[in-house]
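Shown next: final-v7.txt, containing compact mmCIF, C-alpha atoms.
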```txt
# COMPACT_ATOMS: atom_id res chain seq x y z
CA MET A 685 0.00 0.00 0.00
CA ALA A 686 1.50 3.33 -1.09
CA CYS A 687 0.95 6.58 0.78
CA SER A 688 1.63 10.03 -0.66
CA PHE A 689 1.86 11.63 2.79
CA THR A 690 4.78 14.04 2.97
CA PRO A 691 5.79 15.31 6.42
CA PRO A 692 5.61 19.11 6.70
CA ARG A 693 9.35 19.15 7.37
CA ALA A 694 11.81 17.25 5.23
CA GLY A 695 14.18 14.65 6.61
CA GLU A 696 12.00 13.40 9.45
CA ILE A 697 10.45 9.99 10.09
CA PRO A 698 7.13 10.69 11.76
CA HIS A 699 4.75 8.63 13.82
CA LEU A 700 1.79 8.65 11.41
CA ASP A 701 -1.57 7.64 12.86
CA VAL A 702 -3.66 5.95 10.13
CA THR A 703 -6.09 3.81 12.18
CA ARG A 704 -9.68 4.47 13.23
CA ASP A 705 -12.68 2.26 13.98
CA LEU A 706 -15.04 4.02 11.59
CA ASN A 707 -17.98 1.61 11.57
CA GLY A 708 -18.10 0.69 15.26
CA ASP A 709 -17.38 -3.02 14.84
CA GLY A 710 -14.44 -2.99 17.26
CA ARG A 711 -11.84 -3.42 14.51
CA ASP A 712 -9.43 -0.68 13.46
CA ASP A 713 -9.83 0.49 9.88
CA LEU A 714 -7.16 2.28 7.84
CA VAL A 715 -7.47 5.98 6.91
CA VAL A 716 -4.51 6.66 4.63
CA PRO A 717 -3.86 10.28 3.56
CA ASP A 718 -3.39 10.98 -0.13
CA ASP A 719 -2.99 14.02 -2.35
CA SER A 720 -6.73 13.95 -3.05
CA GLY A 721 -8.09 13.07 0.39
CA PHE A 722 -8.16 9.76 2.28
CA TRP A 723 -8.24 6.15 1.25
CA VAL A 724 -10.49 4.27 3.68
CA PHE A 725 -9.86 0.53 4.09
CA VAL A 726 -12.52 -1.20 6.24
CA GLN A 727 -11.11 -4.16 8.17
CA LEU A 728 -12.91 -7.48 7.72
CA GLU A 729 -12.86 -10.68 9.76
CA GLY A 730 -9.53 -12.45 9.80
CA GLY A 731 -7.52 -9.26 9.47
CA ARG A 732 -8.34 -8.71 5.80
CA PHE A 733 -9.30 -5.31 4.37
CA ALA A 734 -12.01 -4.40 1.89
CA ASP A 735 -11.27 -2.50 -1.30
CA PRO A 736 -10.53 1.14 -0.46
CA VAL A 737 -12.92 4.06 -0.84
CA MET A 738 -11.58 7.54 -1.63
CA LEU A 739 -13.25 10.41 0.22
CA GLY A 740 -12.62 13.89 1.54
CA ARG A 741 -10.43 16.61 0.12
CA PRO A 742 -6.69 17.37 0.29
CA THR A 743 -5.77 17.98 3.92
CA ASP A 744 -4.15 21.17 5.18
CA LEU A 745 -1.40 19.70 7.35
CA SER A 746 -0.38 23.11 8.68
CA GLY A 747 -2.85 22.50 11.50
CA VAL A 748 -1.87 18.96 12.39
CA LEU A 749 -0.64 18.27 15.91
CA GLY A 750 3.03 17.31 15.91
CA ALA A 751 5.10 20.26 14.77
CA ASP A 752 8.37 18.66 15.82
CA GLY A 753 7.89 15.64 13.59
CA TYR A 754 7.09 13.09 16.27
CA ARG A 755 3.43 12.34 15.75
CA TYR A 756 0.94 13.19 13.01
CA ASP A 757 -2.78 12.50 12.89
CA PRO A 758 -4.02 13.78 9.50
CA TRP A 759 -7.54 12.40 10.02
CA SER A 760 -8.06 14.74 12.98
CA VAL A 761 -7.69 17.77 10.69
CA GLY A 762 -9.23 16.15 7.61
CA ARG A 763 -12.61 17.84 8.19
CA ILE A 764 -14.46 14.52 7.78
CA PHE A 765 -17.34 14.15 10.23
CA GLU A 766 -18.48 10.79 11.57
CA VAL A 767 -22.26 11.25 11.90
CA ASP A 768 -25.48 9.32 11.29
CA ILE A 769 -26.94 11.48 8.52
CA ASN A 770 -29.91 9.25 7.55
CA ARG A 771 -30.72 8.11 11.12
CA ASP A 772 -30.44 4.40 10.38
CA GLY A 773 -28.28 3.81 13.46
CA ARG A 774 -25.05 3.60 11.48
CA GLY A 775 -22.31 6.22 11.35
CA ASP A 776 -21.69 7.83 7.99
CA LEU A 777 -18.76 9.92 6.74
CA ALA A 778 -19.55 13.48 5.63
CA PHE A 779 -17.51 16.49 4.52
CA TRP A 780 -18.03 19.92 2.98
CA ASN A 781 -17.01 20.36 -0.66
CA GLN A 782 -17.09 24.01 -1.80
CA ASP A 783 -20.87 24.57 -1.75
CA HIS A 784 -22.42 21.29 -0.61
CA PHE A 785 -22.02 18.32 1.69
CA GLU A 786 -20.96 14.90 0.44
CA VAL A 787 -21.89 11.85 2.52
CA HIS A 788 -20.58 8.30 2.17
CA LEU A 789 -23.35 6.22 3.74
CA GLN A 790 -22.57 3.10 5.75
CA ASP A 791 -24.50 -0.04 4.85
CA GLU A 792 -25.53 -3.02 6.98
CA ARG A 793 -22.19 -4.74 6.28
CA GLY A 794 -20.20 -1.84 7.74
CA MET A 795 -18.99 -0.70 4.30
CA PHE A 796 -19.05 2.86 3.04
CA ALA A 797 -20.52 3.77 -0.34
CA SER A 798 -17.91 4.63 -2.96
CA VAL A 799 -20.26 7.18 -4.53
CA PRO A 800 -21.39 9.88 -2.08
CA GLU A 801 -24.83 11.36 -1.60
CA THR A 802 -24.91 15.17 -1.80
CA PHE A 803 -27.05 17.81 -0.13
CA LYS A 804 -26.97 21.56 0.42
CA THR A 805 -27.86 23.75 3.37
CA LYS A 806 -29.35 27.23 3.73
CA VAL A 807 -27.16 27.93 6.76
CA ASP A 808 -24.77 30.74 5.87
CA PHE A 809 -20.98 30.39 6.37
CA ASP A 810 -17.92 31.33 4.33
CA SER A 811 -16.06 28.01 4.20
CA ASP A 812 -14.97 25.05 6.32
CA ASP A 813 -11.39 26.37 6.61
CA VAL A 814 -11.09 27.01 10.34
CA PHE A 815 -7.65 28.59 9.84
CA SER A 816 -8.90 31.21 7.36
CA LEU A 817 -9.87 33.47 10.28
CA ALA A 818 -6.25 33.62 11.45
CA THR A 819 -5.21 36.03 8.69
CA GLY A 820 -6.40 39.32 7.23
CA VAL A 821 -9.13 41.15 9.12
CA MET A 822 -9.87 37.98 11.11
CA THR A 823 -13.64 38.12 10.78
CA GLY A 824 -16.17 35.77 9.23
CA LYS A 825 -18.06 32.51 9.69
CA VAL A 826 -16.72 28.99 9.18
CA LEU A 827 -18.19 25.53 9.48
CA HIS A 828 -17.01 24.05 12.76
CA SER A 829 -18.59 20.60 12.89
CA LEU A 830 -21.50 18.25 12.33
CA ALA A 831 -22.56 16.56 15.56
CA ASP A 832 -25.62 15.72 17.66
CA LEU A 833 -25.40 18.34 20.40
CA ASN A 834 -28.87 18.07 21.96
CA GLY A 835 -29.03 14.29 22.17
CA ASP A 836 -32.11 13.81 19.98
CA GLY A 837 -30.33 11.45 17.58
CA THR A 838 -30.29 13.99 14.73
CA THR A 839 -27.13 15.62 13.44
CA ASP A 840 -26.76 19.35 14.10
CA LEU A 841 -24.58 21.90 12.33
CA VAL A 842 -22.17 24.17 14.26
CA VAL A 843 -20.76 27.44 12.88
CA PHE A 844 -17.95 29.47 14.45
CA SER A 845 -18.23 33.24 13.96
CA LEU A 846 -15.74 36.03 14.69
CA ASP A 847 -16.67 39.72 14.48
CA GLY A 848 -15.08 43.09 15.27
CA LEU A 849 -12.30 45.07 13.65
CA ARG A 850 -10.21 46.06 16.67
CA ILE A 851 -8.95 43.51 19.15
CA SER A 852 -10.92 45.13 21.95
CA GLU A 853 -14.07 44.79 19.81
CA LYS A 854 -13.60 41.16 18.86
CA ARG A 855 -16.50 38.84 19.68
CA SER A 856 -16.82 35.13 18.91
CA ALA A 857 -19.59 32.55 19.11
CA TYR A 858 -20.39 28.94 18.38
CA GLU A 859 -23.83 28.89 16.74
CA VAL A 860 -25.79 25.64 16.64
CA TYR A 861 -28.37 24.97 13.91
CA PHE A 862 -30.39 21.98 15.01
CA GLY A 863 -31.03 19.16 12.58
CA GLU A 864 -34.55 18.26 11.49
CA LEU A 865 -35.96 15.38 9.48
CA GLY A 866 -36.66 16.37 5.91
CA PRO A 867 -39.66 15.18 3.87
CA ASP A 868 -37.72 12.25 2.46
CA GLY A 869 -36.33 11.18 5.82
CA ASP A 870 -33.04 12.98 5.27
CA ILE A 871 -31.49 15.72 7.41
CA ALA A 872 -32.27 19.41 7.04
CA PHE A 873 -30.79 22.11 9.26
CA ALA A 874 -32.85 24.90 10.78
CA THR A 875 -32.15 28.32 9.28
CA GLU A 876 -32.31 30.03 12.69
CA VAL A 877 -29.74 29.64 15.45
CA GLY A 878 -31.06 27.15 18.03
CA ALA A 879 -28.32 27.66 20.60
CA ALA A 880 -25.30 29.95 20.84
CA PHE A 881 -22.25 29.88 23.09
CA ARG A 882 -20.58 33.23 23.76
CA SER A 883 -17.85 34.10 26.25
CA GLU A 884 -17.97 37.67 27.49
CA GLY A 885 -14.63 39.45 27.14
CA SER A 886 -12.98 36.38 25.60
CA ILE A 887 -12.27 34.79 22.23
CA GLN A 888 -13.17 31.13 21.83
CA LEU A 889 -10.42 28.90 20.48
CA GLY A 890 -12.03 25.47 20.39
CA MET A 891 -15.04 23.36 21.28
CA ASP A 892 -14.66 19.67 22.10
CA ARG A 893 -17.35 17.10 22.96
CA TYR A 894 -17.15 14.52 25.76
CA ASP A 895 -19.38 12.10 27.63
CA VAL A 896 -17.92 13.05 31.00
CA GLY A 897 -20.47 11.26 33.18
CA GLY A 898 -20.59 8.09 31.10
CA ASP A 899 -24.37 8.48 30.84
CA GLY A 900 -24.64 9.56 27.21
CA ARG A 901 -25.13 13.25 27.98
CA VAL A 902 -22.94 15.58 25.95
CA THR A 903 -20.47 17.82 27.76
CA LEU A 904 -18.89 20.64 25.77
CA MET A 905 -15.48 22.05 26.66
CA LEU A 906 -14.88 25.53 25.24
CA THR A 907 -11.31 26.82 25.33
CA THR A 908 -11.22 30.62 25.60
CA ILE A 909 -8.70 33.42 26.08
CA GLU A 910 -9.47 36.87 27.47
CA THR A 911 -9.02 39.69 24.95
CA ARG A 912 -6.76 41.54 27.41
CA PHE A 913 -4.09 38.93 26.65
CA LEU A 914 -4.24 39.72 22.90
CA GLU A 915 -2.68 43.19 22.89
CA GLY A 916 0.87 44.04 23.86
CA SER A 917 2.29 46.89 25.92
CA LEU A 918 5.46 47.76 27.78
CA TRP A 919 3.74 47.04 31.08
CA LYS A 920 2.64 43.60 29.91
CA ARG A 921 6.16 42.81 28.73
CA ILE A 922 7.51 43.80 32.14
CA LYS A 923 4.92 41.66 33.92
CA GLY A 924 5.61 38.76 31.56
CA GLY A 925 9.31 39.04 32.34
CA MET A 926 8.47 38.91 36.04
CA GLY A 927 6.64 35.62 35.60
CA ASP A 928 3.03 36.59 34.89
CA ASP A 929 1.53 33.92 32.65
CA ILE A 930 -1.14 33.95 29.98
CA TRP A 931 -4.13 31.83 30.88
CA LEU A 932 -6.66 29.87 28.89
CA ASN A 933 -10.07 29.11 30.37
CA LEU A 934 -11.72 25.70 29.97
CA GLU A 935 -15.48 26.35 30.13
CA LEU A 936 -17.61 23.23 30.65
CA TYR A 937 -21.25 23.04 29.61
CA GLN A 938 -23.38 19.94 30.17
CA ALA A 939 -26.72 19.45 28.44
CA GLU A 940 -29.79 18.72 30.57
CA ASN A 941 -32.75 17.36 28.59
CA GLY A 942 -31.13 18.65 25.41
CA LEU A 943 -30.68 22.19 26.76
CA TYR A 944 -27.44 23.91 27.73
CA PRO A 945 -27.12 26.43 30.58
CA ASP A 946 -26.47 30.11 29.85
CA GLN A 947 -23.32 30.00 31.97
CA PRO A 948 -20.73 27.20 32.15
CA ASN A 949 -21.17 24.48 34.78
CA SER A 950 -17.56 24.99 35.82
CA VAL A 951 -14.38 26.68 34.60
CA HIS A 952 -10.80 25.43 34.86
CA ARG A 953 -7.61 27.19 33.77
CA ILE A 954 -4.47 26.14 31.95
CA ALA A 955 -1.35 28.28 31.53
CA LEU A 956 -0.37 28.99 27.95
CA ASP A 957 3.36 28.66 28.57
CA GLY A 958 5.57 26.82 31.03
CA ALA A 959 7.87 27.88 33.84
CA PRO A 960 8.15 31.64 34.57
CA SER A 961 10.76 33.21 32.32
CA HIS A 962 12.07 36.70 31.61
CA ARG A 963 11.47 35.91 27.94
CA GLU A 964 7.68 35.72 28.25
CA PRO A 965 6.08 38.69 26.46
CA GLY A 966 2.91 38.87 28.57
CA TRP A 967 0.60 38.74 25.54
CA VAL A 968 0.04 36.72 22.36
CA PRO A 969 -1.10 37.81 18.85
CA LEU A 970 -4.62 36.88 17.80
CA GLY A 971 -3.31 35.16 14.67
CA ILE A 972 -1.33 32.66 16.73
CA VAL A 973 -4.28 32.25 19.10
CA LEU A 974 -6.60 31.30 16.25
CA ARG A 975 -4.14 28.75 14.90
CA GLY A 976 -4.20 27.23 18.36
CA ARG A 977 -2.05 24.56 19.90
CA THR A 978 -1.87 22.67 16.59
CA HIS A 979 -0.03 25.53 14.88
CA GLU A 980 2.56 23.91 12.62
CA ALA A 981 4.91 26.92 12.75
CA ARG A 982 4.95 27.23 16.52
CA LYS A 983 8.49 25.85 16.74
CA THR A 984 9.69 28.85 14.74
CA GLN A 985 7.90 31.29 17.04
CA GLU A 986 10.73 31.72 19.51
CA VAL A 987 8.77 34.14 21.66
CA TRP A 988 6.07 31.52 22.24
CA PRO A 989 8.11 28.27 22.10
CA ARG A 990 5.41 26.07 23.62
CA ALA A 991 2.33 28.16 22.97
CA PHE A 992 -0.86 26.07 22.95
CA ASN A 993 0.91 22.77 23.32
CA ARG A 994 0.30 22.31 27.03
CA ILE A 995 -0.93 18.84 27.97
CA LEU A 996 -4.69 18.54 28.41
CA LEU A 997 -6.21 15.06 28.65
CA VAL A 998 -9.71 13.79 29.40
CA GLY A 999 -10.15 10.14 30.35
CA ASP A 1000 -11.16 7.74 33.11
CA VAL A 1001 -8.07 7.09 35.25
CA THR A 1002 -10.05 6.08 38.34
CA GLY A 1003 -12.19 3.36 36.74
CA ASP A 1004 -15.49 4.72 38.09
CA GLY A 1005 -17.03 5.35 34.67
CA ARG A 1006 -16.58 9.11 34.89
CA SER A 1007 -14.00 11.03 32.89
CA ASP A 1008 -11.23 12.83 34.75
CA LEU A 1009 -9.39 16.00 33.72
CA LEU A 1010 -5.57 16.00 33.54
CA ILE A 1011 -3.75 19.32 33.06
CA GLU A 1012 0.01 19.87 32.84
CA GLU A 1013 1.60 21.73 35.73
CA ILE A 1014 4.58 23.41 34.07
CA PHE A 1015 6.67 20.42 32.85
CA ARG A 1016 7.16 18.56 36.11
CA GLY A 1017 3.82 16.81 36.47
CA LEU A 1018 0.09 16.61 35.92
CA ASP A 1019 -2.78 17.98 37.97
CA VAL A 1020 -5.63 15.44 38.07
CA PHE A 1021 -9.17 16.70 38.68
CA VAL A 1022 -11.31 13.64 39.39
CA GLY A 1023 -14.73 13.41 37.79
CA VAL A 1024 -17.58 13.90 40.28
CA PRO A 1025 -21.39 13.70 40.10
CA GLY A 1026 -23.30 16.96 39.94
CA PRO A 1027 -23.02 20.14 37.90
CA GLU A 1028 -19.33 20.80 38.69
CA LEU A 1029 -18.32 17.69 36.66
CA PHE A 1030 -14.73 17.72 38.01
CA ALA A 1031 -13.44 18.08 41.57
CA ARG A 1032 -12.02 21.46 42.51
CA ARG A 1033 -9.23 19.91 44.54
CA ARG A 1034 -6.44 18.57 42.39
CA GLN A 1035 -4.25 15.53 42.84
CA LYS A 1036 -0.66 15.84 41.69
CA VAL A 1037 1.19 13.25 39.62
CA ALA A 1038 4.95 13.82 39.40
CA VAL A 1039 6.35 12.95 35.98
CA ALA A 1040 8.70 14.73 33.57
CA LEU A 1041 6.75 15.91 30.53
CA PHE A 1042 7.40 17.21 27.04
CA ASP A 1043 4.84 18.32 24.42
CA GLU A 1044 1.27 17.05 24.21
CA GLU A 1045 1.87 14.62 21.36
CA TYR A 1046 4.32 12.73 23.59
CA VAL A 1047 1.68 11.86 26.20
CA ARG A 1048 -1.36 9.62 25.89
CA LEU A 1049 -3.90 7.72 27.98
CA VAL A 1050 -4.05 3.95 27.40
CA ASP A 1051 -5.56 1.15 29.46
CA LEU A 1052 -2.39 -0.96 29.45
CA ASN A 1053 -3.48 -3.74 31.81
CA GLN A 1054 -7.16 -3.87 30.79
CA ASP A 1055 -8.46 -3.10 34.29
CA GLY A 1056 -10.90 -0.40 33.20
CA LYS A 1057 -8.57 2.42 34.27
CA GLN A 1058 -6.61 4.46 31.77
CA ASP A 1059 -2.88 4.67 32.40
CA ILE A 1060 -0.45 7.43 31.44
CA VAL A 1061 2.28 6.75 28.86
CA VAL A 1062 4.95 9.43 28.40
CA HIS A 1063 7.69 9.41 25.77
CA GLN A 1064 10.64 11.50 26.99
CA PRO A 1065 12.96 12.46 24.10
CA PHE A 1066 15.46 13.93 26.56
CA THR A 1067 16.05 13.86 30.31
CA GLU A 1068 18.50 16.64 31.17
CA ARG A 1069 16.69 19.99 31.39
CA ASN A 1070 17.35 23.55 32.44
CA SER A 1071 15.09 25.44 34.84
CA PHE A 1072 12.65 26.22 32.05
CA GLY A 1073 12.28 22.60 30.91
CA ALA A 1074 14.40 22.90 27.76
CA PRO A 1075 17.02 20.27 26.87
CA THR A 1076 20.61 21.03 27.84
CA ARG A 1077 22.22 18.59 25.40
CA LEU A 1078 22.06 18.32 21.62
CA PRO A 1079 19.26 16.12 20.18
CA GLY A 1080 20.29 12.49 19.89
CA THR A 1081 23.18 12.74 22.35
CA GLU A 1082 21.30 11.25 25.29
CA PRO A 1083 19.05 8.18 25.56
CA GLN A 1084 15.30 8.50 25.22
CA ARG A 1085 12.90 6.69 27.51
CA VAL A 1086 9.26 5.81 28.02
CA THR A 1087 7.57 6.22 31.39
CA MET A 1088 4.37 4.30 32.18
CA LEU A 1089 2.23 5.30 35.15
CA ILE A 1090 -0.27 2.54 36.02
CA ALA A 1091 -3.51 3.79 37.57
CA ARG A 1092 -4.48 2.13 40.85
```
Turn this file's structure into structure tokens for me.
Amino acid sequence: MACSFTPPRAGEIPHLDVTRDLNGDGRDDLVVPDDSGFWVFVQLEGGRFADPVMLGRPTDLSGVLGADGYRYDPWSVGRIFEVDINRDGRGDLAFWNQDHFEVHLQDERGMFASVPETFKTKVDFDSDDVFSLATGVMTGKVLHSLADLNGDGTTDLVVFSLDGLRISEKRSAYEVYFGELGPDGDIAFATEVGAAFRSEGSIQLGMDRYDVGGDGRVTLMLTTIETRFLEGSLWKRIKGGMGDDIWLNLELYQAENGLYPDQPNSVHRIALDGAPSHREPGWVPLGIVLRGRTHEARKTQEVWPRAFNRILLVGDVTGDGRSDLLIEEIFRGLDVFVGVPGPELFARRRQKVAVALFDEEYVRLVDLNQDGKQDIVVHQPFTERNSFGAPTRLPGTEPQRVTMLIAR
């Protein structure tokens, strides 16, 4: 099997993630990037694979996580949505193509149609290029996702909007257009906004979906940054040099009977950069903010060497069926906020786990011993660090290691 994937930087041998269970049968399928999109190989019984299906469009790898060449996951930025478009109980694969959606329906055998169905929407947005807002005047509307946000079994459409010319005037929102059954049993999206998430005085950087309580209810995590961190000044540079950090807010919303509260259930914080340093500028440009922690060029941004690559994990490390929140504390360990019943979702009191860390793509949660608790696996490309967490020796001159922390 040939793959036309070319790493964004020459001369590197990346960890390329090309597996996903797309049809829910418990077997990993192959999603192989190509110049034209993705080749999807569905795995059959006995380890065989069905003939491939080509879908999607060429992927913009400038947003892929793994800017140092260690780990790439093209599917995560491929803008292909795994949703049940025709409500037959099977997940389909959909994507936006210039002015319409294309959907590869899944059949009763777990295969995806080679010829897609197409449909249009009256919902207004400029494109599905989430990075287009990071340049120019930085205003507009882009398709964020297709997902069932109110738990009614019908796919909804989410648009991200950004308005305002000056930084102080910038406002953002995630607008949800609820899905409805069309006359032929297909999906149609409402033309009016059914729900909107806005963060006063902040710009939203991302919205992720979780089943935190393990009960099927959707929990949304919105990552936001206050606009005061988006403009520079001499005073901010002085404060940054004295150790003041830039903070991101993690706003959690949990649906109740398909409705979301006006205010977040709880808010946690994560520092944008690591240990206090005289080199911290005390602010960050909006363009870098909108590229987010998957910004491919972040390694060349010396002022923000680790911007938006702090470790943030959600998974069940206690084995109680509830997800827990793990946030990097500088580079020396993780803060674990255990999942709890009730509107807070995560405990306020943190538990500390001491472990040397690097960037986010070097850490993952895996249930290594199959006991129902996710364990922490950390790849450490170097061990000798200075006070800011940076390596003190040249790459390749010291042994690498893997640390495994088994949950108890």
- Counting all atoms listed in the file, figure out which residue out of A:Arg850, A:Arg732, A:His699, A:Arg1085 gets nearest to Thr1067 (chain A).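 Nearest to Thr1067 (chain A): A:Arg1085.
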- Between CA of Ser798 (chain A) and CA of Asp705 (chain A) - distance in Å to one decimal: 17.9 Å
- Task: Find the spatial neighbours of Arg953 (chain A), counting all atoms listed in the file, within a cut-off of 6 Å - ignore same-chain residues fewer than 6 positions away - and output them as an MDAnalysis selection string.
- Result: chainID A and resid 932:934
Just-selected residues, C-alpha atoms written as a PDB file, keeping the file's coordinate frame:
```
ATOM      1  CA  LEU A 932      -6.660  29.870  28.890  1.00  0.00           C
ATOM      2  CA  ASN A 933     -10.070  29.110  30.370  1.00  0.00           C
ATOM      3  CA  LEU A 934     -11.720  25.700  29.970  1.00  0.00           C
TER       4      LEU A 934
END
```
- Message: What's around region 997-1002 of chain A at 7 Å? Count all atoms listed in the file, leave out sequence neighbours fewer than 2 positions away in its own chain, and write the answer as a VMD selection string.
- Response: chain A and resid 995 1004 to 1011 1057 to 1059 1091
- Query: What does the distance between CA of Gly916 (chain A) and CA of Ser886 (chain A) come to in Å, to one decimal place?
  - Reply: 15.9 Å
- Task: Have a look at CA of Arg975 (chain A) and CA of Tyr858 (chain A) and let me know their distance in Å, one decimal.
- Result: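 CA of Arg975 (chain A) sits 16.6 Å away from CA of Tyr858 (chain A).
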- Task: Name all residues at most 8 Å from Leu714 (chain A) (count all atoms listed in the file; drop same-chain ones fewer than 5 positions away) and give them as a list in words.
- Result: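 Listed by chain and then number, they are Val702, Thr703, Arg704, Trp723, Val724, Phe725, Val726 and Gln727 of chain A.
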Enumerate, in order of chain and increasing residue number, the residues of region 859-902 of chain A with an atom no farther than 12 Å from region 1026-1047 of chain A, each with its shortest atom pair and distance in Å to one decimal, counting only C-alpha atoms, as CSV.
```
residue,atom,partner,partner_atom,distance
A:Tyr894,CA,A:Leu1029,CA,11.4
A:Asp895,CA,A:Leu1029,CA,10.7
A:Val896,CA,A:Leu1029,CA,7.3
A:Gly897,CA,A:Leu1029,CA,7.6
A:Gly898,CA,A:Leu1029,CA,11.3
A:Arg901,CA,A:Leu1029,CA,11.9
A:Val902,CA,A:Leu1029,CA,11.9
```
- Task: Taking the point (-27.8, 24.6, 21.9) as given in the file, collect each protein or nucleic acid residue that comes within 7 Å of it, counting only C-alpha atoms, and present the set as an NGL selection string.
- Result: :A and (833-834 or 860 or 878-880 or 943-944)
- Message: Need to verify the contact set: Arg793 (chain A), 12 Å, only C-alpha atoms, exclusion of same-chain residues closer than 2 positions in sequence. Can you return it as a list in words?
- Response: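 My list of contacting residues is Asn707, Gly708, Asp709, Val726, Gln727, Leu728, Glu729, Ala734, Arg774, Leu789, Gln790, Asp791, Met795, Phe796 and Ala797 of chain A.
Compared by their closest atoms to Pro1025 (chain A), and using all atoms listed in the file, the residues A:Thr1081, A:Leu904, A:Thr1076, A:Gln938 rank with A:Gln938 nearest.
For the residues A:Gly775, A:Met1088, A:Leu1078, A:Ile769, ranking by smallest atom-to-atom distance to Val1061 (chain A) using only C-alpha atoms places A:Met1088 first.
Minimum atom-to-atom distances from A:Arg1048, A:His784, A:His952, A:Arg771 to Glu864 (chain A) were compared using only C-alpha atoms, and the lowest value belongs to A:Arg771.
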- Message: Which residue is closest to Glu801 (chain A)? Choose from A:Val716, A:Val787, A:Met891, A:Val1050 and count all atoms listed in the file.
- Response: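 Of the candidates, the smallest distance to Glu801 (chain A) is held by A:Val787.
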- Message: Just checking: using only C-alpha atoms, which residue out of A:Val1024, A:Leu906, A:Leu956, A:Ile851 ends up closest to Glu1012 (chain A)?
- Response: A:Leu956
